Each structure stands twice: as structure tokens, then as C-alpha cells.
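Colleague: What follows is model_17.txt, compact mmCIF, C-alpha atoms.
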# COMPACT_ATOMS: atom_id res chain seq x y z
CA MET V 1320 39.15 183.04 31.00
CA ILE V 1321 40.44 179.91 32.62
CA GLY V 1322 42.80 179.27 29.73
CA SER V 1323 44.32 182.77 30.06
CA LYS V 1324 45.04 182.21 33.76
CA SER V 1325 46.60 178.77 33.34
CA PRO V 1326 50.11 179.99 32.33
CA TRP V 1327 50.22 182.34 35.35
CA VAL V 1328 49.11 179.56 37.69
CA ALA V 1329 51.80 177.25 36.28
CA GLN V 1330 54.48 179.92 36.56
CA ALA V 1331 53.47 180.67 40.16
CA PHE V 1332 53.63 176.96 40.97
CA ILE V 1333 57.11 176.65 39.43
CA LEU V 1334 58.23 179.75 41.36
CA VAL V 1335 57.07 178.16 44.63
CA LEU V 1336 59.03 174.99 43.75
CA TYR V 1337 62.18 177.03 43.13
CA VAL V 1338 61.84 178.83 46.46
CA ILE V 1339 61.19 175.56 48.37
CA THR V 1340 64.20 173.92 46.69
CA LEU V 1341 66.52 176.78 47.64
CA ILE V 1342 65.22 176.77 51.24
CA ILE V 1343 65.78 173.01 51.56
CA TYR V 1344 69.32 173.17 50.19
CA ASN V 1345 70.11 176.19 52.35
CA ARG V 1346 69.08 174.26 55.47
CA ALA V 1347 71.09 171.24 54.32
CA LYS V 1348 74.09 173.50 53.80
CA LYS V 1349 74.01 174.45 57.51
CA GLU V 1350 74.22 170.77 58.43
CA TYR V 1351 77.27 170.19 56.22
CA VAL V 1352 79.55 173.13 56.85
CA GLY V 1353 82.87 172.59 55.10
CA GLY V 1354 84.05 169.50 53.28
CA LYS V 1355 82.97 168.14 49.90
CA ILE V 1356 79.30 167.78 50.81
CA GLY V 1357 79.01 171.46 51.70
CA ALA V 1358 80.82 172.45 48.49
CA ALA V 1359 78.50 170.27 46.41
CA ILE V 1360 75.42 171.87 48.00
CA ASN V 1361 76.79 175.35 47.20
CA LEU V 1362 77.31 174.29 43.61
CA ILE V 1363 73.75 172.96 43.28
CA MET V 1364 72.31 176.16 44.78
CA VAL V 1365 74.15 178.32 42.25
CA PHE V 1366 72.95 176.01 39.45
CA VAL V 1367 69.32 176.30 40.62
CA ALA V 1368 69.64 180.09 40.92
CA PHE V 1369 70.75 180.36 37.27
CA LEU V 1370 67.87 178.13 36.18
CA PHE V 1371 65.48 180.39 38.09
CA LEU V 1372 66.86 183.44 36.29
CA SER V 1373 66.57 181.73 32.92
CA ASP V 1374 62.88 181.00 33.52
CA TYR V 1375 61.89 184.43 34.84
CA VAL V 1376 64.32 186.85 33.23
CA ASP V 1377 61.84 187.65 30.44
CA TYR V 1378 59.32 188.94 33.01
CA PHE V 1379 61.92 191.21 34.57
CA LEU V 1380 63.18 192.47 31.19
CA SER V 1381 59.65 193.21 29.97
CA SER V 1382 59.18 195.74 32.75
CA LEU V 1383 62.57 197.38 32.19
CA LEU V 1384 63.46 197.12 28.48
CA PRO V 1385 61.32 196.95 25.34
CA LEU V 1386 62.90 193.75 24.01
CA GLY V 1387 61.44 191.51 21.36
CA GLU V 1388 60.64 187.83 21.79
CA GLN V 1389 63.84 186.78 20.01
CA ALA V 1390 66.01 188.85 22.35
CA LYS V 1391 64.24 187.46 25.43
CA PHE V 1392 64.72 183.92 24.13
CA SER V 1393 68.45 184.55 23.58
CA VAL V 1394 68.87 185.86 27.15
CA LYS V 1395 67.10 182.80 28.56
CA ILE V 1396 69.38 180.49 26.54
CA LEU V 1397 72.41 182.42 27.84
CA PHE V 1398 71.41 181.89 31.48
CA ARG V 1399 70.77 178.19 30.86
CA LEU V 1400 74.26 177.85 29.33
CA LEU V 1401 75.72 179.60 32.36
CA ALA V 1402 73.88 177.17 34.64
CA ILE V 1403 75.30 174.18 32.73
CA CYS V 1404 78.82 175.65 32.81
CA VAL V 1405 78.60 176.18 36.57
CA LEU V 1406 77.52 172.59 37.11
CA ALA V 1407 80.06 171.09 34.68
CA PHE V 1408 83.19 173.07 35.48
CA GLY V 1409 82.38 173.49 39.17
CA GLY V 1410 81.98 169.73 39.51
CA LEU V 1411 85.39 168.98 38.00
CA ARG V 1412 87.15 169.77 41.28
CA PHE V 1413 85.52 166.79 42.93
CA PHE V 1414 87.37 164.48 40.53
CA VAL V 1415 90.79 166.12 40.72
CA SER V 1416 93.19 164.92 43.44
CA LYS V 1417 96.89 165.37 44.05
CA ALA V 1418 98.94 162.55 42.58
CA ALA V 1419 101.37 160.87 44.93
CA GLU V 1420 105.04 161.35 43.97
CA ALA V 1421 106.04 157.79 44.75
CA GLU V 1422 104.61 154.68 46.36
CA MET V 1423 105.87 153.69 49.77
CA SER V 1424 108.17 150.76 49.44
CA GLN V 1425 106.89 147.73 51.33
CA PRO V 1426 109.45 146.27 53.73
CA SER V 1427 110.03 142.57 53.63
CA PRO V 1428 107.76 140.56 55.93
CA MET V 1429 109.13 139.37 59.26
CA PRO V 1430 110.69 135.94 59.18
CA ALA V 1431 108.58 133.37 60.98
CA MET V 1432 110.19 131.83 64.06
CA ASP V 1433 110.39 128.10 64.45
CA SER V 1434 107.58 126.67 66.50
CA VAL V 1435 108.36 124.55 69.52
CA LYS V 1436 107.64 120.86 69.40
CA THR V 1437 104.46 119.88 71.21
CA ALA V 1438 106.24 117.15 73.22
CA ASP V 1439 106.48 118.90 76.59
CA MET V 1440 103.44 121.17 76.28
CA GLU V 1441 101.63 119.73 79.31
CA ASP V 1442 104.64 120.62 81.51
CA LEU V 1443 104.75 124.07 79.92
CA ASP V 1444 101.07 124.73 80.64
CA ALA V 1445 101.46 123.67 84.24
CA VAL V 1446 104.50 125.92 84.79
CA VAL V 1447 102.89 128.95 83.13
CA LYS V 1448 99.61 128.56 85.01
CA ALA V 1449 101.54 128.41 88.27
CA GLY V 1450 103.55 131.47 87.27
CA MET V 1451 100.44 133.47 86.35
CA ALA V 1452 99.61 133.81 90.04
CA GLU V 1453 102.68 135.95 90.68
CA VAL V 1454 105.11 137.25 88.08
CA GLY V 1455 108.25 139.31 88.41
CA THR V 1456 109.09 142.68 86.99
CA THR V 1457 108.51 143.20 83.30
CA PRO V 1458 111.82 143.31 81.40
CA THR V 1459 112.70 146.65 79.94
CA PRO V 1460 111.91 146.71 76.19
CA ALA V 1461 114.73 147.11 73.75
CA GLU V 1462 115.98 150.58 73.15
CA GLN V 1463 114.82 152.14 69.92
CA PRO V 1464 117.68 152.37 67.43
CA ALA V 1465 118.70 155.85 66.53
CA GLN V 1466 117.23 157.00 63.26
CA ALA V 1467 119.80 157.70 60.61
CA ALA V 1468 120.14 161.37 59.79
CA PRO V 1469 118.96 162.27 56.31
CA GLU V 1470 121.71 162.93 53.83
CA ILE V 1471 122.06 166.55 52.82
CA ALA V 1472 123.44 167.32 49.41
CA ALA V 1473 126.43 169.64 49.32
CA GLU V 1474 125.64 173.19 48.25
CA GLU V 1475 126.94 174.27 44.89
CA THR V 1476 127.78 177.78 43.76
CA VAL V 1477 125.82 178.69 40.64
CA VAL V 1478 125.73 181.72 38.44
CA VAL V 1479 122.21 181.44 37.04
CA GLN V 1480 119.10 181.52 39.23
CA GLU V 1481 118.17 178.07 40.56
CA VAL V 1482 114.72 176.81 39.55
CA THR V 1483 113.12 174.49 42.10
CA GLN V 1484 109.85 172.58 41.94
CA SER V 1485 107.60 173.62 44.82
CA LYS V 1486 105.88 170.89 46.82
CA PRO V 1487 102.44 171.11 48.39
CA THR V 1488 102.52 172.02 52.06
CA LEU V 1489 100.40 171.47 55.15
CA GLY V 1490 101.29 173.98 57.80
CA ARG V 1491 105.07 174.25 57.61
CA TYR V 1492 105.48 170.67 56.39
CA GLU V 1493 106.20 169.67 52.79
CA ILE V 1494 103.96 166.85 51.54
CA LEU V 1495 106.02 164.16 49.80
CA GLU V 1496 103.47 161.39 49.19
CA GLU V 1497 100.28 159.81 50.42
CA LEU V 1498 100.80 156.83 52.74
CA GLY V 1499 97.23 155.73 53.27
CA ARG V 1500 93.64 156.60 54.07
CA GLY V 1501 91.54 155.75 57.09
CA ALA V 1502 88.21 156.54 58.71
CA MET V 1503 89.55 159.74 60.28
CA GLY V 1504 91.49 161.14 57.33
CA ILE V 1505 94.54 160.82 55.06
CA VAL V 1506 98.10 160.06 56.19
CA TYR V 1507 100.95 161.70 54.28
CA LYS V 1508 104.68 161.33 54.31
CA GLY V 1509 106.06 164.80 54.92
CA ARG V 1510 109.24 166.68 55.67
CA ASP V 1511 109.93 169.35 58.25
CA PRO V 1512 112.08 171.90 56.35
CA LYS V 1513 113.28 173.52 59.60
CA LEU V 1514 114.66 170.33 61.13
CA GLY V 1515 115.18 168.36 57.93
CA ARG V 1516 113.41 165.26 59.26
CA LEU V 1517 110.72 163.05 57.79
CA THR V 1518 107.32 162.97 59.47
CA ALA V 1519 104.04 161.15 59.12
CA ILE V 1520 101.20 163.68 58.91
CA LYS V 1521 97.68 162.52 59.77
CA THR V 1522 94.89 164.86 58.68
CA ILE V 1523 91.45 165.08 60.24
CA ARG V 1524 88.53 167.13 58.90
CA PHE V 1525 85.98 167.35 61.72
CA THR V 1526 83.50 169.33 59.60
CA ASP V 1527 82.90 166.26 57.41
CA ASP V 1528 81.32 164.32 60.28
CA PHE V 1529 79.93 166.96 62.62
CA ASP V 1530 77.93 170.16 62.37
CA GLU V 1531 79.78 173.45 62.74
CA GLU V 1532 79.15 174.05 66.46
CA GLN V 1533 79.91 170.47 67.46
CA ALA V 1534 83.01 170.36 65.24
CA VAL V 1535 84.50 173.37 67.05
CA LYS V 1536 84.06 171.72 70.47
CA ILE V 1537 85.50 168.39 69.32
CA GLN V 1538 88.41 170.14 67.63
CA GLU V 1539 89.28 171.98 70.85
CA GLN V 1540 89.13 168.70 72.78
CA PHE V 1541 91.33 167.07 70.13
CA TYR V 1542 94.02 169.75 70.56
CA ARG V 1543 93.94 169.36 74.34
CA GLU V 1544 94.35 165.60 74.03
CA ALA V 1545 97.16 165.97 71.49
CA GLU V 1546 99.10 168.22 73.86
CA VAL V 1547 98.92 165.54 76.57
CA VAL V 1548 99.78 162.66 74.21
CA ALA V 1549 102.73 164.61 72.78
CA LYS V 1550 104.41 164.24 76.19
CA LEU V 1551 104.48 160.44 75.87
CA SER V 1552 108.02 159.18 75.28
CA HIS V 1553 108.36 155.40 75.02
CA PRO V 1554 110.16 153.08 72.57
CA ASN V 1555 106.88 151.35 71.68
CA ILE V 1556 104.84 154.53 71.08
CA VAL V 1557 105.00 156.69 67.96
CA THR V 1558 106.08 160.16 69.08
CA ILE V 1559 103.89 163.17 68.24
CA TYR V 1560 105.97 166.19 67.19
CA ASP V 1561 103.35 168.80 66.43
CA VAL V 1562 99.62 169.49 66.09
CA GLY V 1563 98.15 172.26 63.99
CA GLU V 1564 95.50 173.48 61.59
CA ASP V 1565 95.63 174.51 57.93
CA LEU V 1566 92.39 175.96 56.55
CA ASP V 1567 89.69 173.49 57.68
CA LEU V 1568 92.14 170.61 58.17
CA SER V 1569 93.53 169.61 61.57
CA TYR V 1570 96.70 167.56 61.49
CA LEU V 1571 99.15 165.63 63.65
CA ALA V 1572 102.83 165.54 62.72
CA MET V 1573 104.25 162.27 64.06
CA GLU V 1574 107.42 160.23 64.04
CA TYR V 1575 107.85 158.59 60.64
CA VAL V 1576 108.56 154.87 60.94
CA GLU V 1577 109.29 152.46 58.14
CA GLY V 1578 107.38 149.30 58.79
CA VAL V 1579 104.12 147.49 58.19
CA SER V 1580 100.95 147.38 60.24
CA LEU V 1581 99.66 144.25 61.94
CA GLU V 1582 96.93 144.12 59.31
CA ASN V 1583 99.48 142.32 57.13
CA TYR V 1584 99.76 139.51 59.69
CA ALA V 1585 96.12 139.23 60.76
CA ARG V 1586 95.14 137.07 57.78
CA LYS V 1587 95.15 133.29 57.64
CA GLU V 1588 97.48 133.17 54.67
CA ASN V 1589 100.14 135.35 56.34
CA LEU V 1590 100.09 134.56 60.07
CA MET V 1591 103.15 135.03 62.26
CA SER V 1592 104.52 132.19 64.31
CA ILE V 1593 102.89 131.83 67.72
CA ARG V 1594 106.15 132.84 69.41
CA THR V 1595 106.36 136.05 67.35
CA SER V 1596 102.72 136.89 68.06
CA ILE V 1597 103.44 136.59 71.79
CA ASN V 1598 106.42 138.92 71.48
CA VAL V 1599 104.48 141.52 69.49
CA THR V 1600 101.55 141.51 71.90
CA SER V 1601 103.83 141.84 74.93
CA GLN V 1602 105.43 144.95 73.38
CA VAL V 1603 101.99 146.49 72.92
CA CYS V 1604 101.37 145.75 76.61
CA ASP V 1605 104.49 147.78 77.45
CA ALA V 1606 103.17 150.77 75.46
CA LEU V 1607 99.72 150.56 77.06
CA GLU V 1608 101.12 150.21 80.59
CA TYR V 1609 103.23 153.36 80.10
CA ALA V 1610 100.27 155.37 78.74
CA HIS V 1611 97.75 154.07 81.31
CA ALA V 1612 100.09 155.02 84.15
CA ARG V 1613 99.82 158.61 82.86
CA GLY V 1614 96.03 158.55 82.61
CA ILE V 1615 95.86 158.09 78.83
CA VAL V 1616 93.60 155.42 77.32
CA HIS V 1617 94.08 154.63 73.63
CA ARG V 1618 90.44 153.61 72.90
CA ASP V 1619 91.15 152.35 69.38
CA ILE V 1620 93.63 149.46 69.63
CA LYS V 1621 93.47 147.51 66.36
CA PRO V 1622 95.97 145.98 63.87
CA ALA V 1623 96.00 149.13 61.72
CA ASN V 1624 97.28 151.17 64.68
CA ILE V 1625 100.17 148.82 65.51
CA MET V 1626 103.33 148.99 63.38
CA ILE V 1627 106.21 146.52 63.18
CA LEU V 1628 109.61 147.86 62.16
CA LYS V 1629 112.19 145.88 60.21
CA ASN V 1630 114.14 145.14 63.39
CA GLY V 1631 111.05 143.66 65.11
CA LEU V 1632 110.33 146.69 67.31
CA VAL V 1633 106.60 147.37 67.74
CA LYS V 1634 105.18 150.91 67.63
CA VAL V 1635 101.64 151.85 68.68
CA THR V 1636 100.21 154.89 66.91
CA ASP V 1637 97.12 157.13 67.09
CA PHE V 1638 97.11 157.65 70.86
CA GLY V 1639 94.53 160.28 71.82
CA ILE V 1640 92.79 160.57 68.44
CA ALA V 1641 89.86 158.32 69.32
CA ARG V 1642 89.14 160.18 72.56
CA ALA V 1643 88.23 163.38 70.70
CA THR V 1644 85.14 161.69 69.25
CA ALA V 1645 84.53 159.03 71.89
CA SER V 1646 81.60 160.85 73.49
CA SER V 1647 80.00 161.86 70.19
CA LYS V 1648 78.14 160.20 67.37
CA THR V 1649 77.86 161.03 63.70
CA ARG V 1650 74.68 162.54 62.28
CA THR V 1651 73.42 159.09 61.36
CA GLY V 1652 73.83 157.87 64.96
CA VAL V 1653 76.54 155.33 64.11
CA ILE V 1654 79.23 154.89 66.73
CA LYS V 1655 82.48 156.32 65.41
CA GLY V 1656 85.36 153.89 65.65
CA THR V 1657 86.17 150.30 64.79
CA PRO V 1658 83.31 148.17 66.20
CA TYR V 1659 85.10 144.81 65.84
CA TYR V 1660 87.71 145.84 68.42
CA MET V 1661 85.49 147.68 70.90
CA SER V 1662 85.16 146.59 74.52
CA PRO V 1663 81.74 145.86 76.08
CA GLU V 1664 81.97 149.02 78.18
CA GLN V 1665 82.68 151.14 75.09
CA ILE V 1666 79.59 149.78 73.37
CA SER V 1667 77.49 150.32 76.51
CA GLY V 1668 78.60 153.96 76.68
CA MET V 1669 80.31 153.51 80.06
CA LYS V 1670 83.36 155.44 81.20
CA VAL V 1671 86.40 153.46 80.07
CA ASP V 1672 89.83 152.91 81.58
CA GLY V 1673 92.93 150.92 80.64
CA ARG V 1674 91.05 147.62 80.89
CA SER V 1675 89.13 148.59 77.75
CA ASP V 1676 92.42 148.69 75.79
CA ILE V 1677 93.29 145.26 77.23
CA PHE V 1678 90.05 143.79 75.82
CA SER V 1679 90.80 145.32 72.41
CA LEU V 1680 94.36 143.95 72.54
CA GLY V 1681 92.90 140.52 73.37
CA ILE V 1682 90.92 140.70 70.12
CA VAL V 1683 94.09 141.61 68.21
CA PHE V 1684 96.00 138.72 69.86
CA TYR V 1685 93.17 136.31 68.93
CA GLN V 1686 93.36 137.50 65.32
CA LEU V 1687 97.16 137.14 65.18
CA LEU V 1688 96.91 133.54 66.41
CA THR V 1689 94.00 132.45 64.22
CA GLY V 1690 93.46 134.88 61.35
CA GLU V 1691 89.85 135.21 62.55
CA LEU V 1692 87.95 137.83 64.53
CA PRO V 1693 86.44 136.52 67.78
CA PHE V 1694 83.31 138.64 67.34
CA GLY V 1695 81.63 139.20 63.99
CA GLY V 1696 78.33 140.01 62.37
CA GLU V 1697 76.74 141.35 59.22
CA ASN V 1698 75.83 144.69 60.80
CA LEU V 1699 76.69 146.93 63.74
CA ALA V 1700 73.91 145.58 65.95
CA ALA V 1701 75.07 141.98 65.45
CA ILE V 1702 78.70 142.88 66.27
CA MET V 1703 77.66 144.75 69.41
CA TYR V 1704 75.52 141.83 70.56
CA GLN V 1705 78.38 139.37 70.08
CA ILE V 1706 80.87 141.52 72.00
CA THR V 1707 78.57 142.13 74.95
CA THR V 1708 76.90 138.72 75.35
CA VAL V 1709 78.49 135.91 73.28
CA GLU V 1710 81.66 133.98 74.18
CA PRO V 1711 84.11 133.66 71.26
CA GLU V 1712 84.94 130.34 69.63
CA PRO V 1713 88.01 128.62 71.16
CA PRO V 1714 91.06 129.78 69.16
CA THR V 1715 92.22 126.16 68.88
CA LYS V 1716 89.25 125.58 66.55
CA TYR V 1717 91.09 127.63 63.92
CA ASN V 1718 94.67 126.84 64.98
CA PRO V 1719 95.16 123.58 66.96
CA LYS V 1720 98.84 124.44 67.56
CA ILE V 1721 97.99 127.21 70.05
CA TYR V 1722 99.25 126.34 73.53
CA LYS V 1723 96.81 126.02 76.42
CA ALA V 1724 98.70 128.69 78.37
CA ALA V 1725 98.24 131.13 75.46
CA VAL V 1726 94.52 130.31 75.42
CA ALA V 1727 94.33 131.02 79.16
CA ILE V 1728 95.96 134.45 78.69
CA LEU V 1729 93.67 135.18 75.75
CA ASN V 1730 90.51 134.20 77.62
CA ARG V 1731 91.39 136.41 80.56
CA ALA V 1732 92.01 139.42 78.30
CA LEU V 1733 88.59 138.86 76.65
CA GLU V 1734 86.62 138.60 79.89
CA LYS V 1735 83.44 140.68 79.58
CA SER V 1736 83.51 141.41 83.32
CA LEU V 1737 85.93 144.19 84.22
CA GLU V 1738 86.79 142.51 87.52
CA ALA V 1739 87.64 139.16 85.87
CA ARG V 1740 89.73 140.76 83.14
CA TYR V 1741 93.42 141.66 83.49
CA GLN V 1742 93.57 144.72 85.73
CA SER V 1743 96.67 146.15 84.08
CA ALA V 1744 98.55 145.80 80.81
CA LYS V 1745 101.70 145.00 82.82
CA GLN V 1746 100.00 141.94 84.29
CA MET V 1747 99.09 140.65 80.83
CA GLY V 1748 102.57 141.46 79.50
CA ASP V 1749 104.24 139.59 82.38
CA HIS V 1750 102.21 136.47 81.65
CA LEU V 1751 103.06 136.65 77.96
CA ARG V 1752 106.78 136.98 78.73
CA LEU V 1753 106.64 134.07 81.13
CA LEU V 1754 105.08 131.96 78.38
CA ALA V 1755 107.74 133.15 75.90
CA GLN V 1756 110.49 132.27 78.39
CA LYS V 1757 109.19 128.73 78.84
CA LEU V 1758 108.87 128.28 75.07
CA ASP V 1759 112.47 129.38 74.60
CA GLU V 1760 113.64 127.00 77.33
CA LEU V 1761 111.83 124.09 75.68
CA LYS V 1762 113.32 125.01 72.33
CA THR V 1763 116.85 125.11 73.80
CA LYS V 1764 116.25 121.81 75.56
CA ALA V 1765 115.03 120.19 72.34
CA LYS V 1766 118.11 121.41 70.44
CA SER V 1767 120.48 120.08 73.09
CA GLN V 1768 118.76 116.68 73.01
CA GLU V 1769 119.10 116.55 69.23
CA ALA V 1770 122.80 117.41 69.51
CA GLU V 1771 123.34 114.54 71.94
Will you turn the file into C-alpha cells for me?
Modeller:
Amino acid sequence: MIGSKSPWVAQAFILVLYVITLIIYNRAKKEYVGGKIGAAINLIMVFVAFLFLSDYVDYFLSSLLPLGEQAKFSVKILFRLLAICVLAFGGLRFFVSKAAEAEMSQPSPMPAMDSVKTADMEDLDAVVKAGMAEVGTTPTPAEQPAQAAPEIAAEETVVVQEVTQSKPTLGRYEILEELGRGAMGIVYKGRDPKLGRLTAIKTIRFTDDFDEEQAVKIQEQFYREAEVVAKLSHPNIVTIYDVGEDLDLSYLAMEYVEGVSLENYARKENLMSIRTSINVTSQVCDALEYAHARGIVHRDIKPANIMILKNGLVKVTDFGIARATASSKTRTGVIKGTPYYMSPEQISGMKVDGRSDIFSLGIVFYQLLTGELPFGGENLAAIMYQITTVEPEPPTKYNPKIYKAAVAILNRALEKSLEARYQSAKQMGDHLRLLAQKLDELKTKAKSQEAE
């Protein structure tokens, strides 16, 4: 009697396992709406459903059709094959990606400027420290050179129908190639067919990091921020042309600039000259001062978001993107952003203003001078502790050639106290330009003495 009931008990147990599995995956699916994770869960659920049918189809058929054991076995094998096909062919799409048409040509690195002799450095430090008390008006940054208009091929009259190769599109923009990938999404080189101009298109998929309800709120906030940032017009800020949505992808269409990011010059083996680092940082100060005066805080100043063009002009990108997720966390509770460049008030969850960007820029300046990060750690907790409580190593430990005046500017930008820190980006930029002016004067003086 017990032996005759055992198969039914086993089948009931397996049925319960199937039901529990489908319930678990269905709940997980609600947490991962959209994106590759959601698609993978859908695929697994279909696979499990076919396995369920293959195990229990003989019971259903027995009550409907008088089939023999061989026929039932064949039907079960058929459903198992279908389950395998679903898993195999459905999974192929996760390994297929669009190939880039061409790689972005890397512009030649900036030539390093000659460093000034250390002979009159004590006089320089004294003059700069005296000038840091009160500095004049910040010089107007160089005008951005006009971008050359793209060449348009002359139209030709043809008799036969022209066959053209269609390009993938995002919104109204043609996708030409992939430029890079970041934490927020993929950046493409695109073309606006209406205006015939090249654009950089940054994609963001909010559903990959947030649940459906939260993603909608953050997306709405992102669009509001983008509308405000699109009004920024400054030579040192990458212009935003358009913001839109295509399927579940949000995107920003921005000014396309040919240059390299500061990441290329934040390594020990490829550092800029100190004079060039001062010039680059002062241009970023100009961009921040302009944005802060209009109530816009960048929140994610880092080398990857600062571009240098071939002519030496600096462009800051990604204004407004970090704000959309600044008040939110991912499902795992990890702060979204770049922790190495965060200010103490960002880590503490305080309301931030322009002084937060100044702290982040101080970290970038430190890295340009030394090739090292002032705050590090093996995990997020260690990095946060360093930023909020530990003073960084003196930059002269890594680069003894750094001038004392530059160290003074750097230390003030990295003050953990908001009151002790630079109160405006203009103030920091003025001090950097004063230092640059004195360096240039010393260099001219040294050349004239050599000529004599």
C-alpha cells in the first residue's frame, strides 16, 4: 500500500517545487523590470514551464486521449526538446551585440610645457600667498573655435534606384560607432540627419538599477534636470542639444568633441607638466563658476568627465546626470557614483552646493600633479572613512617638484570643513591663474638672463 502511494507523493512534491520556483521567479521579475536581468528571468520561467509540461503532460493526456505509453513518452520528449530550444536560442541574444563601424581615432597627447627652474620658488610662494588674500577678476577664457562644417557630397543624378545601407538609430539620430561605456550607460558617436551634425549620444537605462516605480520618478527628474542643463552655454561646458527616450532607453544628445579625457593624464607614467595641470584646472573652475551661478551643481567631477581638445581647450561633460540619482541608492544599498571623488558632505548624505564640486576638483588636481588618489581603500567603507576623517598625504611625497603655492591651493580645496574650503570656484580659479602668471614671469625672467 505504501509502495503504491510513493509515486504519487513524489509527483506531488515535484509539483510543489515547480509552483514555488515559478512564484519565486515571478517575484524576482517584478524587481527587475526591463533590462537584461528581466529578460533572463522571463527566459528561465518559460524554460521551467516547458519542463513542467513535459513531466505532467501524460497525466493530462490520459484523461483526454487513449494514448499508449510510447505515444506519451514521445510527447514528453517533444516538450523537453522545446524547453532546451527555448533556453539555447533564447539565450543567444545575450551574446549578440552591435559591432562598432570604426574605432575612434586617438588624438595626439598634449605636449608637456617646460617646467620653471626652482631657483626663485621662495619668492614665488611669498608673492602668491600674498595675492591669495585678494585677487582680481578672472580672465575671460578663450573663445571656442568654430567647428568645421561637415563636408556634404554633391548629389548625382542616377537612372537606377540607389541602394543605401541603413544605420541603427536612437530616436532621430543615426548611430555611427560606440565611443565608450561607463557606469550609467553607453556613449555613441551619432549624426543628426536633420542638421547634418555629429553628436555624442549618452544612453541611460534606469530600469537596470531601479525598480519600475522608482525608475519612473528618477527618469522624470532626469528630464527636468536635462532641460535646465541644456540652457548652459559656456566654452568650457559640453552643450546638450536634445534629451529623449527610445523604448526603455533614455538618452542625451550632446556636442561631439574630439579630444581625450583627463584619465589619460592622471597616471604616473603620463603626467602633464605642473604648469599645464594648473591651466586645465583653472578652466574647469570657469565651467563650475558659470554653472554654480545658475544653481547647477555637477556632483560627479572626475577625470572621465573632463575632456581636453587638441587646441588645449577644456570641456566639462555630464552636467546634471548625477543629480537624477543623487538622492537614491541601488537595490544593494551601494551609493551610486564615483566614491573616490566624492565630497564629505556627499558621503554624509547632506545637501550639497558648489563647494562639493570644488572638493572633487581638488581630488582631480591632486591626481594630475601626482598620479595618485589622495583618498583610497580596498572597499567603499574604507574610501568613505578616508574622505571624511583622514588628511591626504602631502603631494610633494609623490612629486617633489610641486610648488608650495600649488600645495596651498590644493589643501584649501580639500578642506573637509565647508567654511574652510574655497567658497566659490572663481576664488580657486583666480588663485590658480595668479600662480600661473608668476610662473610665466619667472620663466621669462630666466630666459632673459640666459640671453644676457
Colleague: Compile the contact shell of V:Val1726 as a ChimeraX atom specification: residues with an atom at most 8 Å away, counting all atoms listed in the file, same-chain residues fewer than 4 positions apart removed.
Modeller: /V:1713-1714,1721-1722,1730
Colleague: Box for stretch 1489-1496 of chain V - axis-aligned, 8 Å on each of the six sides, all listed atoms - centre and size in Å to one decimal, as AutoDock Vina command-line options.
Modeller:
--center_x 103.3 --center_y 167.8 --center_z 53.5 --size_x 21.8 --size_y 28.9 --size_z 24.6
Colleague: If I take atom CA of V:Phe1392 and atom CA of V:Leu1341, how far is one from the other in Å, to one decimal?
Modeller: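 So the answer is 24.6 Å.
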Colleague: So what do you get for atom CA of V:Leu1628 versus atom CA of V:Lys1757, distance-wise?
Modeller: 25.4 Å
Colleague: What lies within 9 Å of V:Pro1663 using all atoms listed in the file, ignoring chain neighbours under 2 positions off, as a PDB file with C-alpha atoms, keeping the file's coordinate frame?
Modeller:
ATOM      1  CA  MET V1661      85.490 147.680  70.900  1.00  0.00           C
ATOM      2  CA  GLN V1665      82.680 151.140  75.090  1.00  0.00           C
ATOM      3  CA  ILE V1666      79.590 149.780  73.370  1.00  0.00           C
ATOM      4  CA  SER V1667      77.490 150.320  76.510  1.00  0.00           C
ATOM      5  CA  GLY V1668      78.600 153.960  76.680  1.00  0.00           C
ATOM      6  CA  MET V1669      80.310 153.510  80.060  1.00  0.00           C
ATOM      7  CA  SER V1675      89.130 148.590  77.750  1.00  0.00           C
ATOM      8  CA  PHE V1678      90.050 143.790  75.820  1.00  0.00           C
ATOM      9  CA  MET V1703      77.660 144.750  69.410  1.00  0.00           C
ATOM     10  CA  ILE V1706      80.870 141.520  72.000  1.00  0.00           C
ATOM     11  CA  THR V1707      78.570 142.130  74.950  1.00  0.00           C
ATOM     12  CA  THR V1708      76.900 138.720  75.350  1.00  0.00           C
ATOM     13  CA  LYS V1735      83.440 140.680  79.580  1.00  0.00           C
ATOM     14  CA  SER V1736      83.510 141.410  83.320  1.00  0.00           C
TER      15      SER V1736
END
Colleague: Please, what distance in Å, to one decimal, runs between atom CA of V:Ala1612 and atom CA of V:Phe1541?
Modeller: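 So the two atoms, atom CA of V:Ala1612 and atom CA of V:Phe1541, lie 20.5 Å apart.
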